[in-house]
Amino acid sequence: MQVISGMNPTWGKNWNRVEATMWLLVDLTHAEPELKHESLWRTVVSDTFEGTLGRLTQGRQFGRYADDLQTATRGVSARMSAVGLRDAATLPPIVWIRLMQEANLAPVGSALYSFRQWRKRERNSGNAVRYVYIDAHGKRKGPRLDRDGLSKLRGYSADDLLKLTKEKPHHWPYCREWVRVVGSPEKPAKEPATSKHTRMPAKKVSPVAPLTSDDDAVAPKRKTRRRSRKDMVRACGAHVFDALEQSLAKEVSRKKSLLVAGGRNRRAYNCDLSLNALVAALKAKYAKQLNYKDSTLKSALPHFVSCPRGRPGGIDPLLG
């Protein structure tokens with residue numbers, strides 16, 4: 001399958017509702033060549049959102065798309081209204097995919113294929129892609145990844161924007177103005193300190209292998225001894241470990257569990273969510289038992305659960 005000629009989504013930019021509907025919900029795989037033009041569909045989709053259906057219902061070439069497009073625009077509009085979005089709102093494509101899934105609207109196969117190809121090119125570039133939001137003062141905000149104390153980038157992963165749930169702020173992530181940022185998690189090596197009279201030669205630094213994922217932004221793993229349970233209890237506290245053990249045992253027994261038994265590297269469980277997303281989900285379900293800081297839970301959880309690291313991991317398998 002190839003990307004349709006004349007219809008090339010710009011996955012790295014924010015979209016409005018017309019662009020999101022056009023790219024994600026209109027399947028032109030088998031359409032006539034004269035219909036495969038972006039400007040034409042911008043007009044048709046925009047008119048449909050506004051309730052102007054003359055071109056859509058009267059034009060013979062659009063007949064097969066009329067019912068599906070009206071259903072799509074009604075569903076998108078209703079969901080946008082439910083989460084407090086203005087008609088002119090713009091969001092990253094991954095957030096639009098989330099909104100459409102919540103509205104029971106399935107993105108078309110050609111769109112998902114194009115999205116997977118774009119993500120593959122991003123990963124192969126060696127860059128780490130994160131999403132930050134703009135606060136009321138115009139500053140870029142987002143969590144700083146601290147897995148194993150190695151990552152330096154700030155922001156949310158695509159996995160977080162697709163699956164993470166938060167009680168506050170209301171209607172997250174739709175309530176935020178999002179910006180996509182691309183960068184490397186490594187900090188440049190510092191030159192060794194020198195005295196006033198003596199200049200020491202700079203220390204040679206071995207090159208670091210590029211990242212292979214835009215979702216976790218984790219630097220190369222160092223060969224160190226895995227910390228034992230005794231080490232972890234000493235660092236995090238026995239009460240934290242006991243609370244996690246009980247909560248995870250309850251979670252894996254649930255019908256719709258976040259976990260499956262038998263994780264990588266002898267962990268008891270495996271999870272497709274990122275570590276940040278798993279902590280948020282567990283605290284939402286077991287708030288009374290897990291009344292601890294996120295940083296404490298993120299330090300203790302890897303002893304029990306294996307989460308995605310280098311590859312996309314927790315991202316929806318349809319999205320690659």
# chains A, B, ... in the order shown; residues from 1 in each chain; ligands from 1
>>> residues_around(residues="Lys139 in chain A", least_positions_apart="4", cutoff="12 Å", atoms="only C-alpha atoms", output="list in words")
Val132, Tyr133, Ile134, Asp135, Glu177, Trp178 and Val179 of chain A
>>> residues_around(residues="Ala106 in chain A", least_positions_apart="3", cutoff="10 Å", atoms="only C-alpha atoms", output="list in words")
Leu24, Leu25, Ala72, Ile97, Met100, Gln101, Glu102, Ala103 and Gly109 of chain A
>>> closest_residue(among="A:Ala238, A:Leu297, A:Leu278, A:Met22", to="Arg42 in chain A", atoms="only C-alpha atoms")
A:Met22
>>> closest_residue(among="A:Leu273, A:Val45, A:Ile94, A:Ala31", to="Val18 in chain A", atoms="only C-alpha atoms")
A:Val45
>>> closest_residue(among="A:Lys256, A:Thr71, A:Arg64, A:Phe241", to="Glu32 in chain A", atoms="only C-alpha atoms")
A:Arg64
>>> atom_distance(atom1="CA of Leu53 in chain A", atom2="CA of Asp67 in chain A")
10.9 Å
